[in-house]
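File shown: structure_7.json (JSON, C-alpha atoms).
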```
[["chain", "number", "residue", "atom", "x", "y", "z"],
["Y", 1371, "MET", "CA", -2.81, -12.92, 24.22],
["Y", 1372, "LEU", "CA", -1.83, -10.92, 21.18],
["Y", 1373, "ALA", "CA", 1.12, -8.59, 21.43],
["Y", 1374, "PRO", "CA", 0.24, -4.98, 22.29],
["Y", 1375, "ILE", "CA", 1.01, -3.80, 18.79],
["Y", 1376, "LEU", "CA", -2.04, -5.77, 17.63],
["Y", 1377, "ASN", "CA", -4.36, -4.67, 20.42],
["Y", 1378, "ALA", "CA", -6.21, -2.21, 18.22],
["Y", 1379, "THR", "CA", -6.85, -4.83, 15.57],
["Y", 1380, "ALA", "CA", -7.87, -7.42, 18.09],
["Y", 1381, "THR", "CA", -10.16, -4.96, 19.84],
["Y", 1382, "ASN", "CA", -11.85, -4.07, 16.57],
["Y", 1383, "ILE", "CA", -12.54, -7.55, 15.33],
["Y", 1384, "THR", "CA", -12.25, -9.86, 18.37],
["Y", 1385, "PHE", "CA", -11.10, -12.42, 15.82],
["Y", 1386, "VAL", "CA", -8.30, -13.88, 17.83],
["Y", 1387, "LEU", "CA", -9.13, -13.06, 21.40],
["Y", 1388, "ASN", "CA", -12.78, -14.02, 21.52],
["Y", 1389, "SER", "CA", -14.91, -16.64, 19.87],
["Y", 1390, "LYS", "CA", -18.17, -14.86, 20.65],
["Y", 1391, "SER", "CA", -19.22, -11.27, 20.91],
["Y", 1392, "LYS", "CA", -21.06, -10.22, 24.00],
["Y", 1393, "ASN", "CA", -22.42, -7.07, 22.43],
["Y", 1394, "GLN", "CA", -24.39, -7.64, 19.27],
["Y", 1395, "ASP", "CA", -24.85, -3.93, 18.52],
["Y", 1396, "GLN", "CA", -22.49, -2.17, 16.17],
["Y", 1397, "THR", "CA", -20.70, 0.84, 17.61],
["Y", 1398, "PRO", "CA", -19.84, 4.03, 15.67],
["Y", 1399, "TYR", "CA", -16.26, 2.76, 15.67],
["Y", 1400, "ASP", "CA", -17.38, -0.45, 13.93],
["Y", 1401, "ILE", "CA", -19.41, 1.54, 11.41],
["Y", 1402, "LEU", "CA", -16.43, 3.80, 10.66],
["Y", 1403, "THR", "CA", -14.21, 0.76, 10.08],
["Y", 1404, "THR", "CA", -16.84, -0.74, 7.78],
["Y", 1405, "ILE", "CA", -17.17, 2.49, 5.79],
["Y", 1406, "ILE", "CA", -13.41, 2.92, 5.33],
["Y", 1407, "GLY", "CA", -13.05, -0.73, 4.32],
["Y", 1408, "GLY", "CA", -15.99, -0.49, 1.93],
["Y", 1409, "MET", "CA", -14.55, 2.62, 0.27],
["Y", 1410, "ALA", "CA", -11.22, 0.84, -0.15],
["Y", 1411, "VAL", "CA", -13.00, -2.06, -1.86],
["Y", 1412, "ILE", "CA", -14.96, 0.25, -4.17],
["Y", 1413, "LEU", "CA", -12.05, 2.51, -5.17],
["Y", 1414, "ASN", "CA", -9.50, -0.26, -5.67],
["Y", 1415, "GLY", "CA", -12.10, -2.42, -7.40],
["Y", 1416, "LEU", "CA", -12.89, 0.46, -9.77],
["Y", 1417, "LEU", "CA", -9.19, 0.94, -10.49],
["Y", 1418, "LEU", "CA", -8.70, -2.76, -11.27],
["Y", 1419, "ILE", "CA", -11.77, -2.85, -13.53],
["Y", 1420, "ALA", "CA", -10.55, 0.25, -15.35],
["Y", 1421, "MET", "CA", -7.11, -1.29, -15.83],
["Y", 1422, "ILE", "CA", -8.56, -4.55, -17.17],
["Y", 1423, "ARG", "CA", -11.01, -2.81, -19.52],
["Y", 1424, "ASN", "CA", -8.20, -0.65, -20.87],
["Y", 1425, "ALA", "CA", -5.40, -3.20, -20.69],
["Y", 1426, "SER", "CA", -3.89, -2.27, -24.05],
["Y", 1427, "GLU", "CA", -3.45, 1.34, -22.91],
["Y", 1428, "ILE", "CA", -2.57, 0.71, -19.26],
["Y", 1429, "PHE", "CA", -0.20, -2.26, -19.35],
["Y", 1430, "THR", "CA", 2.29, -0.58, -21.66],
["Y", 1431, "SER", "CA", 4.80, -0.18, -18.82],
["Y", 1432, "ASN", "CA", 6.07, -2.50, -16.13],
["Y", 1433, "GLY", "CA", 4.88, -0.10, -13.44],
["Y", 1434, "ALA", "CA", 1.26, -0.95, -14.28],
["Y", 1435, "TYR", "CA", 1.76, -4.49, -12.92],
["Y", 1436, "LEU", "CA", 2.99, -3.03, -9.64],
["Y", 1437, "VAL", "CA", 0.01, -0.66, -9.50],
["Y", 1438, "ALA", "CA", -2.34, -3.61, -10.03],
["Y", 1439, "ASN", "CA", -0.54, -5.58, -7.32],
["Y", 1440, "VAL", "CA", -1.02, -2.76, -4.81],
["Y", 1441, "ALA", "CA", -4.68, -2.42, -5.80],
["Y", 1442, "ILE", "CA", -5.32, -6.15, -5.25],
["Y", 1443, "ALA", "CA", -3.65, -6.04, -1.84],
["Y", 1444, "ASP", "CA", -5.53, -2.90, -0.80],
["Y", 1445, "LEU", "CA", -8.83, -4.36, -1.99],
["Y", 1446, "LEU", "CA", -8.29, -7.45, 0.19],
["Y", 1447, "THR", "CA", -7.40, -5.25, 3.15],
["Y", 1448, "GLY", "CA", -10.55, -3.20, 2.64],
["Y", 1449, "LEU", "CA", -12.68, -6.34, 2.35],
["Y", 1450, "ASN", "CA", -11.29, -7.70, 5.61],
["Y", 1451, "SER", "CA", -11.81, -4.36, 7.33],
["Y", 1452, "SER", "CA", -15.43, -4.31, 6.23],
["Y", 1453, "LEU", "CA", -15.96, -7.79, 7.67],
["Y", 1454, "TRP", "CA", -14.37, -6.75, 10.94],
["Y", 1455, "GLY", "CA", -16.63, -3.73, 11.16],
["Y", 1456, "ILE", "CA", -19.74, -5.94, 10.96],
["Y", 1457, "LYS", "CA", -18.26, -8.63, 13.21],
["Y", 1458, "ASN", "CA", -21.17, -8.46, 15.65],
["Y", 1459, "SER", "CA", -23.68, -9.39, 12.96],
["Y", 1460, "PHE", "CA", -22.07, -12.75, 12.18],
["Y", 1461, "MET", "CA", -20.58, -15.65, 14.06],
["Y", 1462, "PHE", "CA", -17.30, -16.99, 12.67],
["Y", 1463, "SER", "CA", -15.47, -20.15, 13.61],
["Y", 1464, "LYS", "CA", -12.10, -19.83, 15.30],
["Y", 1465, "ARG", "CA", -10.29, -21.14, 12.22],
["Y", 1466, "LEU", "CA", -12.03, -18.62, 9.98],
["Y", 1467, "LYS", "CA", -11.09, -15.81, 12.35],
["Y", 1468, "ILE", "CA", -7.43, -16.85, 12.30],
["Y", 1469, "ALA", "CA", -7.51, -17.17, 8.51],
["Y", 1470, "SER", "CA", -9.02, -13.70, 8.12],
["Y", 1471, "PHE", "CA", -6.50, -12.25, 10.54],
["Y", 1472, "SER", "CA", -3.64, -13.84, 8.58],
["Y", 1473, "ILE", "CA", -5.01, -12.61, 5.24],
["Y", 1474, "PHE", "CA", -5.31, -9.09, 6.66],
["Y", 1475, "TRP", "CA", -1.63, -8.88, 7.53],
["Y", 1476, "THR", "CA", -0.67, -10.65, 4.30],
["Y", 1477, "SER", "CA", -2.43, -8.00, 2.21],
["Y", 1478, "ILE", "CA", -0.98, -5.15, 4.30],
["Y", 1479, "GLU", "CA", 2.54, -6.50, 3.85],
["Y", 1480, "ALA", "CA", 1.98, -7.10, 0.11],
["Y", 1481, "SER", "CA", 0.91, -3.48, -0.36],
["Y", 1482, "PHE", "CA", 3.87, -2.19, 1.62],
["Y", 1483, "LEU", "CA", 6.44, -4.38, -0.16],
["Y", 1484, "THR", "CA", 5.07, -3.48, -3.60],
["Y", 1485, "ILE", "CA", 5.36, 0.24, -2.86],
["Y", 1486, "PHE", "CA", 8.94, -0.41, -1.76],
["Y", 1487, "ILE", "CA", 9.58, -2.21, -5.08],
["Y", 1488, "MET", "CA", 8.10, 0.81, -6.86],
["Y", 1489, "SER", "CA", 10.65, 2.98, -5.07],
["Y", 1490, "LEU", "CA", 13.48, 0.66, -6.15],
["Y", 1491, "GLU", "CA", 12.15, 0.75, -9.71],
["Y", 1492, "ARG", "CA", 12.26, 4.56, -9.67],
["Y", 1493, "TYR", "CA", 15.78, 4.50, -8.24],
["Y", 1494, "ILE", "CA", 17.06, 2.16, -10.96],
["Y", 1495, "ALA", "CA", 15.24, 3.95, -13.77],
["Y", 1496, "ILE", "CA", 16.65, 7.36, -12.84],
["Y", 1497, "LEU", "CA", 20.11, 6.62, -11.44],
["Y", 1498, "HIS", "CA", 20.93, 3.62, -13.65],
["Y", 1499, "PRO", "CA", 18.93, 4.22, -16.86],
["Y", 1500, "PHE", "CA", 21.21, 2.10, -19.08],
["Y", 1501, "LYS", "CA", 20.66, -0.96, -16.87],
["Y", 1502, "ALA", "CA", 16.94, -0.37, -16.42],
["Y", 1503, "ASN", "CA", 15.88, -2.43, -19.45],
["Y", 1504, "LEU", "CA", 17.76, -5.43, -18.09],
["Y", 1505, "TRP", "CA", 16.78, -5.10, -14.43],
["Y", 1506, "LEU", "CA", 13.23, -3.84, -14.94],
["Y", 1507, "SER", "CA", 11.90, -6.26, -17.52],
["Y", 1508, "LYS", "CA", 8.26, -7.33, -17.61],
["Y", 1509, "THR", "CA", 9.21, -10.86, -16.52],
["Y", 1510, "ARG", "CA", 11.17, -9.65, -13.53],
["Y", 1511, "THR", "CA", 8.39, -7.27, -12.53],
["Y", 1512, "ILE", "CA", 5.83, -10.08, -12.51],
["Y", 1513, "GLN", "CA", 8.26, -12.31, -10.63],
["Y", 1514, "SER", "CA", 8.74, -9.59, -8.01],
["Y", 1515, "CYS", "CA", 4.96, -9.37, -7.57],
["Y", 1516, "ILE", "CA", 4.75, -13.13, -7.03],
["Y", 1517, "LEU", "CA", 7.67, -13.04, -4.58],
["Y", 1518, "THR", "CA", 5.94, -10.20, -2.74],
["Y", 1519, "TRP", "CA", 2.88, -12.36, -2.09],
["Y", 1520, "ILE", "CA", 4.98, -15.34, -1.00],
["Y", 1521, "LEU", "CA", 6.89, -13.26, 1.54],
["Y", 1522, "SER", "CA", 3.70, -11.52, 2.65],
["Y", 1523, "GLY", "CA", 1.95, -14.85, 3.12],
["Y", 1524, "LEU", "CA", 4.75, -16.03, 5.39],
["Y", 1525, "CYS", "CA", 4.45, -12.79, 7.38],
["Y", 1526, "GLY", "CA", 0.70, -13.27, 7.66],
["Y", 1527, "LEU", "CA", 1.13, -16.78, 9.03],
["Y", 1528, "CYS", "CA", 3.72, -15.60, 11.52],
["Y", 1529, "MET", "CA", 1.43, -12.79, 12.69],
["Y", 1530, "ALA", "CA", -1.37, -15.30, 13.30],
["Y", 1531, "PHE", "CA", 0.63, -17.98, 15.09],
["Y", 1532, "TYR", "CA", 3.62, -16.16, 16.63],
["Y", 1533, "THR", "CA", 1.78, -13.23, 18.12],
["Y", 1534, "GLU", "CA", 4.37, -12.33, 20.76],
["Y", 1535, "THR", "CA", 7.43, -11.93, 18.52],
["Y", 1536, "ALA", "CA", 6.28, -11.52, 14.91],
["Y", 1537, "PRO", "CA", 4.74, -8.03, 15.38],
["Y", 1538, "LEU", "CA", 7.97, -6.63, 16.78],
["Y", 1539, "PHE", "CA", 10.08, -8.01, 13.94],
["Y", 1540, "LEU", "CA", 7.55, -6.85, 11.36],
["Y", 1541, "ALA", "CA", 7.49, -3.32, 12.81],
["Y", 1542, "LEU", "CA", 11.30, -3.20, 12.88],
["Y", 1543, "PHE", "CA", 11.46, -4.39, 9.26],
["Y", 1544, "PHE", "CA", 8.93, -1.73, 8.28],
["Y", 1545, "GLU", "CA", 10.93, 1.04, 9.96],
["Y", 1546, "ILE", "CA", 14.23, -0.03, 8.40],
["Y", 1547, "THR", "CA", 12.65, -0.25, 4.96],
["Y", 1548, "ILE", "CA", 11.16, 3.23, 5.37],
["Y", 1549, "LEU", "CA", 14.62, 4.61, 6.21],
["Y", 1550, "VAL", "CA", 16.07, 2.91, 3.12],
["Y", 1551, "THR", "CA", 13.25, 4.30, 0.99],
["Y", 1552, "CYS", "CA", 13.85, 7.84, 2.25],
["Y", 1553, "PHE", "CA", 17.52, 7.51, 1.33],
["Y", 1554, "LEU", "CA", 16.57, 6.29, -2.15],
["Y", 1555, "TYR", "CA", 14.33, 9.31, -2.71],
["Y", 1556, "TYR", "CA", 17.06, 11.62, -1.47],
["Y", 1557, "LYS", "CA", 19.34, 10.26, -4.20],
["Y", 1558, "ILE", "CA", 16.54, 10.24, -6.77],
["Y", 1559, "PHE", "CA", 15.52, 13.87, -6.38],
["Y", 1560, "ILE", "CA", 19.14, 15.03, -6.36],
["Y", 1561, "LYS", "CA", 19.65, 13.24, -9.67],
["Y", 1562, "LEU", "CA", 16.46, 14.70, -11.13],
["Y", 1563, "ALA", "CA", 17.57, 18.18, -10.10],
["Y", 1564, "GLU", "CA", 20.92, 17.62, -11.82],
["Y", 1565, "ARG", "CA", 19.22, 16.41, -14.99],
["Y", 1566, "ARG", "CA", 16.92, 19.41, -15.00],
["Y", 1567, "GLN", "CA", 19.90, 21.77, -14.77],
["Y", 1568, "CYS", "CA", 21.79, 19.96, -17.54],
["Y", 1569, "LEU", "CA", 18.82, 19.65, -19.90],
["Y", 1570, "PRO", "CA", 19.08, 23.12, -21.53],
["Y", 1571, "LEU", "CA", 22.71, 22.40, -22.40],
["Y", 1572, "GLN", "CA", 22.28, 18.86, -23.66],
["Y", 1573, "LEU", "CA", 18.81, 18.66, -25.11],
["Y", 1574, "SER", "CA", 16.57, 21.56, -25.91],
["Y", 1575, "SER", "CA", 13.85, 19.63, -27.73],
["Y", 1576, "ASN", "CA", 10.34, 19.22, -26.36],
["Y", 1577, "HIS", "CA", 10.84, 15.47, -26.36],
["Y", 1578, "GLY", "CA", 13.69, 15.66, -23.89],
["Y", 1579, "ASN", "CA", 11.76, 17.96, -21.58],
["Y", 1580, "SER", "CA", 8.71, 15.69, -21.85],
["Y", 1581, "ASP", "CA", 10.74, 12.63, -20.83],
["Y", 1582, "LEU", "CA", 12.11, 14.45, -17.80],
["Y", 1583, "GLN", "CA", 8.64, 15.64, -16.78],
["Y", 1584, "ARG", "CA", 7.28, 12.11, -17.10],
["Y", 1585, "GLU", "CA", 10.05, 10.67, -14.92],
["Y", 1586, "TYR", "CA", 9.52, 13.43, -12.36],
["Y", 1587, "GLN", "CA", 5.75, 12.84, -12.36],
["Y", 1588, "LEU", "CA", 6.05, 9.08, -11.86],
["Y", 1589, "THR", "CA", 8.63, 9.54, -9.12],
["Y", 1590, "THR", "CA", 6.45, 12.10, -7.35],
["Y", 1591, "VAL", "CA", 3.48, 9.71, -7.39],
["Y", 1592, "VAL", "CA", 5.46, 6.89, -5.80],
["Y", 1593, "ALA", "CA", 6.92, 9.35, -3.28],
["Y", 1594, "VAL", "CA", 3.40, 10.45, -2.34],
["Y", 1595, "LEU", "CA", 2.35, 6.82, -1.86],
["Y", 1596, "THR", "CA", 5.33, 6.35, 0.43],
["Y", 1597, "MET", "CA", 4.51, 9.48, 2.42],
["Y", 1598, "ILE", "CA", 0.92, 8.32, 2.89],
["Y", 1599, "LEU", "CA", 2.26, 4.99, 4.13],
["Y", 1600, "ILE", "CA", 4.56, 6.75, 6.60],
["Y", 1601, "VAL", "CA", 1.83, 9.04, 7.96],
["Y", 1602, "THR", "CA", -0.88, 6.39, 8.28],
["Y", 1603, "VAL", "CA", 1.07, 3.27, 9.31],
["Y", 1604, "LEU", "CA", 4.35, 4.32, 10.93],
["Y", 1605, "PRO", "CA", 2.81, 5.98, 14.04],
["Y", 1606, "TYR", "CA", 0.72, 2.85, 14.61],
["Y", 1607, "MET", "CA", 3.82, 0.64, 14.44],
["Y", 1608, "ILE", "CA", 5.93, 2.87, 16.70],
["Y", 1609, "ALA", "CA", 3.15, 3.21, 19.27],
["Y", 1610, "GLY", "CA", 2.86, -0.57, 19.37],
["Y", 1611, "GLN", "CA", 6.58, -0.98, 20.00],
["Y", 1612, "ILE", "CA", 6.58, 1.62, 22.78],
["Y", 1613, "SER", "CA", 3.53, -0.03, 24.28],
["Y", 1614, "VAL", "CA", 5.48, -3.27, 24.55],
["Y", 1615, "ALA", "CA", 8.39, -1.51, 26.26],
["Y", 1616, "THR", "CA", 6.13, 0.35, 28.71],
["Y", 1617, "LYS", "CA", 4.07, -2.71, 29.63],
["Y", 1618, "ASN", "CA", 0.78, -1.79, 27.95],
["Y", 1619, "ASN", "CA", 0.59, 1.91, 28.75],
["Y", 1620, "PRO", "CA", -3.16, 2.78, 28.84],
["Y", 1621, "SER", "CA", -2.68, 6.02, 26.89],
["Y", 1622, "LEU", "CA", -0.76, 4.25, 24.15],
["Y", 1623, "LYS", "CA", -3.34, 1.47, 23.97],
["Y", 1624, "LEU", "CA", -6.03, 4.12, 23.53],
["Y", 1625, "PHE", "CA", -3.98, 5.82, 20.80],
["Y", 1626, "ILE", "CA", -3.43, 2.52, 18.99],
["Y", 1627, "HIS", "CA", -7.13, 1.72, 19.19],
["Y", 1628, "TYR", "CA", -8.33, 5.02, 17.70],
["Y", 1629, "TYR", "CA", -5.50, 5.36, 15.21],
["Y", 1630, "PHE", "CA", -6.45, 2.07, 13.57],
["Y", 1631, "PRO", "CA", -9.03, 3.68, 11.21],
["Y", 1632, "VAL", "CA", -6.36, 6.22, 10.21],
["Y", 1633, "GLU", "CA", -4.08, 3.34, 9.27],
["Y", 1634, "LEU", "CA", -6.85, 1.87, 7.12],
["Y", 1635, "THR", "CA", -7.18, 5.11, 5.11],
["Y", 1636, "ASN", "CA", -3.84, 4.26, 3.49],
["Y", 1637, "PHE", "CA", -5.55, 1.53, 1.49],
["Y", 1638, "LEU", "CA", -8.27, 3.74, 0.03],
["Y", 1639, "LEU", "CA", -6.04, 6.73, -0.79],
["Y", 1640, "ASN", "CA", -3.71, 4.93, -3.21],
["Y", 1641, "PRO", "CA", -6.18, 4.77, -6.14],
["Y", 1642, "VAL", "CA", -7.10, 8.40, -5.50],
["Y", 1643, "VAL", "CA", -3.45, 9.36, -5.93],
["Y", 1644, "TYR", "CA", -3.26, 7.50, -9.25],
["Y", 1645, "ALA", "CA", -6.39, 9.21, -10.51],
["Y", 1646, "LEU", "CA", -5.24, 12.68, -9.48],
["Y", 1647, "ARG", "CA", -1.62, 12.49, -10.59],
["Y", 1648, "LEU", "CA", -1.49, 10.09, -13.56],
["Y", 1649, "PRO", "CA", -3.62, 11.05, -16.60],
["Y", 1650, "LYS", "CA", -3.53, 7.54, -18.08],
["Y", 1651, "TYR", "CA", -5.23, 6.04, -15.02],
["Y", 1652, "ARG", "CA", -7.58, 8.96, -14.58],
["Y", 1653, "HIS", "CA", -8.77, 8.69, -18.17],
["Y", 1654, "ALA", "CA", -9.23, 4.93, -17.88],
["Y", 1655, "ILE", "CA", -11.33, 5.36, -14.74],
["Y", 1656, "LEU", "CA", -13.44, 8.06, -16.39],
["Y", 1657, "LYS", "CA", -13.95, 5.85, -19.41],
["Y", 1658, "THR", "CA", -15.09, 2.99, -17.19],
["Y", 1659, "LEU", "CA", -17.50, 5.23, -15.30],
["Y", 1660, "ARG", "CA", -18.94, 6.67, -18.50],
["Y", 1661, "GLY", "CA", -19.09, 3.33, -20.28],
["Y", 1662, "CYS", "CA", -17.00, 4.57, -23.22],
["Y", 1663, "GLN", "CA", -15.07, 2.25, -25.51],
["Y", 1664, "THR", "CA", -11.91, 4.29, -26.13],
["Y", 1665, "ILE", "CA", -9.80, 6.88, -24.36],
["Y", 1666, "GLU", "CA", -8.14, 8.46, -27.40],
["Y", 1667, "GLN", "CA", -10.33, 11.53, -26.97],
["Y", 1668, "TYR", "CA", -8.53, 12.32, -23.71],
["Y", 1669, "ASP", "CA", -4.98, 11.95, -25.09]]
```

Mind turning the file's structure into structure tokens?
Amino acid sequence: MLAPILNATATNITFVLNSKSKNQDQTPYDILTTIIGGMAVILNGLLLIAMIRNASEIFTSNGAYLVANVAIADLLTGLNSSLWGIKNSFMFSKRLKIASFSIFWTSIEASFLTIFIMSLERYIAILHPFKANLWLSKTRTIQSCILTWILSGLCGLCMAFYTETAPLFLALFFEITILVTCFLYYKIFIKLAERRQCLPLQLSSNHGNSDLQREYQLTTVVAVLTMILIVTVLPYMIAGQISVATKNNPSLKLFIHYYFPVELTNFLLNPVVYALRLPKYRHAILKTLRGCQTIEQYD
């Protein structure tokens, strides 16, 4: 049996617990999961296409590689969710079910770890600006993305084959990382407030104010991504842990089951945040939708 923290996932897809589905009719719950997963695929796919079509404008900063990494992870999560929602329409082998289950948790962990790396990048860029060029090089950013997928792949394998212990360790790691991230943002926003107060005395030019606004905007975007992660995923993780301690409390199991679609919304909201808060990405997406060749008209 899977650990209680995974009961909602297992109930949705029956990938690990059952080899056949007794009910071939899709429920509204399945349809909702399919819709959320499909929207995640469409939105993240659109973001990736826009980034590739406008690579010369988008990949001018190291952060763009992290954004692309999150989008790839969220697209895979959405694709898996869509397959789970239509589980009753297809028959999968046991090995394929385990593989899909492992990929699901690999992509979730990759998205989470990349957002954490984004937070570290913001911390270094703002609190240690003179060391940022050394620590935040393009090579190191790409290496961190690769390392993220390696670690996430190991987590995905553990979730598939060590179902009694891996979920608890993964949830604990998630909670500790969230606490660390909150501390980082506490330090970041204090530093930004100090810089804003000192700016009129040190630098009155529009360029200085523009740099500060850009740093504040980028930091706010990553903070919003983190908050979405906390709201959509953290309650699911905590409920799973409590469910283990209370020996599968029926109320908690019901909460975990119905909160699962809320958790999935995390993976479709990220590209929306980029489009709303970052003009460069919004313009690239608009250009892709309109079939234009340049985005200079928006700058």

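Here atom CA of Y:Leu1646 stands at a distance of 24.6 Å from atom CA of Y:Glu1479.
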
Residues within 8 Å of stretch 1429-1445 of chain Y, only C-alpha atoms, excluding chain neighbours under 6 positions, as a PyMOL selection string
chain Y and resi 1410-1412+1414-1415+1417-1418+1421+1477-1478+1480-1481+1484-1485+1488+1506-1508+1511-1512+1515+1637-1638+1640-1641

Export of the given selection (C-alpha atoms) as a PDB file, keeping the file's coordinate frame:
```pdb
ATOM      1  CA  ALA Y1410     -11.220   0.840  -0.150  1.00  0.00           C
ATOM      2  CA  VAL Y1411     -13.000  -2.060  -1.860  1.00  0.00           C
ATOM      3  CA  ILE Y1412     -14.960   0.250  -4.170  1.00  0.00           C
ATOM      4  CA  ASN Y1414      -9.500  -0.260  -5.670  1.00  0.00           C
ATOM      5  CA  GLY Y1415     -12.100  -2.420  -7.400  1.00  0.00           C
ATOM      6  CA  LEU Y1417      -9.190   0.940 -10.490  1.00  0.00           C
ATOM      7  CA  LEU Y1418      -8.700  -2.760 -11.270  1.00  0.00           C
ATOM      8  CA  MET Y1421      -7.110  -1.290 -15.830  1.00  0.00           C
ATOM      9  CA  SER Y1477      -2.430  -8.000   2.210  1.00  0.00           C
ATOM     10  CA  ILE Y1478      -0.980  -5.150   4.300  1.00  0.00           C
ATOM     11  CA  ALA Y1480       1.980  -7.100   0.110  1.00  0.00           C
ATOM     12  CA  SER Y1481       0.910  -3.480  -0.360  1.00  0.00           C
ATOM     13  CA  THR Y1484       5.070  -3.480  -3.600  1.00  0.00           C
ATOM     14  CA  ILE Y1485       5.360   0.240  -2.860  1.00  0.00           C
ATOM     15  CA  MET Y1488       8.100   0.810  -6.860  1.00  0.00           C
ATOM     16  CA  LEU Y1506      13.230  -3.840 -14.940  1.00  0.00           C
ATOM     17  CA  SER Y1507      11.900  -6.260 -17.520  1.00  0.00           C
ATOM     18  CA  LYS Y1508       8.260  -7.330 -17.610  1.00  0.00           C
ATOM     19  CA  THR Y1511       8.390  -7.270 -12.530  1.00  0.00           C
ATOM     20  CA  ILE Y1512       5.830 -10.080 -12.510  1.00  0.00           C
ATOM     21  CA  CYS Y1515       4.960  -9.370  -7.570  1.00  0.00           C
ATOM     22  CA  PHE Y1637      -5.550   1.530   1.490  1.00  0.00           C
ATOM     23  CA  LEU Y1638      -8.270   3.740   0.030  1.00  0.00           C
ATOM     24  CA  ASN Y1640      -3.710   4.930  -3.210  1.00  0.00           C
ATOM     25  CA  PRO Y1641      -6.180   4.770  -6.140  1.00  0.00           C
TER      26      PRO Y1641
END
```

Using all atoms listed in the file, which of the listed residues (Y:Leu1659, Y:Ala1609, Y:Leu1524, Y:Ile1598) sits closest to Y:Leu1639?
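Of all the options, Y:Ile1598 lies closest to Y:Leu1639.
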
How many Å lie between atom CA of Y:Ser1452 and atom CA of Y:Leu1413, rounded to one decimal?
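Going from atom CA of Y:Ser1452 over to atom CA of Y:Leu1413, I get 13.7 Å.
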
Can you work out which one of Y:Pro1605, Y:Gly1448, Y:Pro1649, Y:Pro1398 has the shortest atom-to-atom distance to Y:Glu1545, counting all atoms listed in the file?
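The closest residue to Y:Glu1545 is Y:Pro1605.
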
Interatomic distance between atom CA of Y:Glu1585 and atom CA of Y:Ile1548?
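These atoms are spaced 21.6 Å apart.
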
Given all atoms listed in the file as the counted atoms, nearest of Y:Tyr1628, Y:Ile1473, Y:Tyr1555, Y:Thr1547 to Y:Thr1447:
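With all atoms listed in the file as the atom set, the closest residue is Y:Ile1473.
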
Identify, on the basis of all atoms listed in the file, every residue whose closest approach to Y:Ala1530 does not exceed 10 Å; exclude the query and any residue fewer than 5 positions from it along the same chain; express the result as a list in words.
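Residues near the query, excluding close chain neighbours: Leu1372, Val1386, Lys1467, Ile1468, Ala1469, Ser1470, Phe1471, Ser1472, Ile1473, Phe1474, Trp1475, Cys1525, Ala1536 and Pro1537 of chain Y.
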
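The residue that comes closest to Y:Ile1600, out of Y:Leu1527, Y:Val1614, Y:Ile1516, Y:Val1632 and on the basis of all atoms listed in the file, is Y:Val1632.
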
Counting only C-alpha atoms, the residue of Y:Thr1533, Y:Asp1400, Y:Arg1647, Y:Met1607 that sits nearest Y:Arg1584
Y:Arg1647

Counting all atoms listed in the file, figure out which residue out of Y:Ala1615, Y:Thr1602, Y:Ser1489, Y:Leu1416 gets nearest to Y:Phe1630.
Y:Thr1602
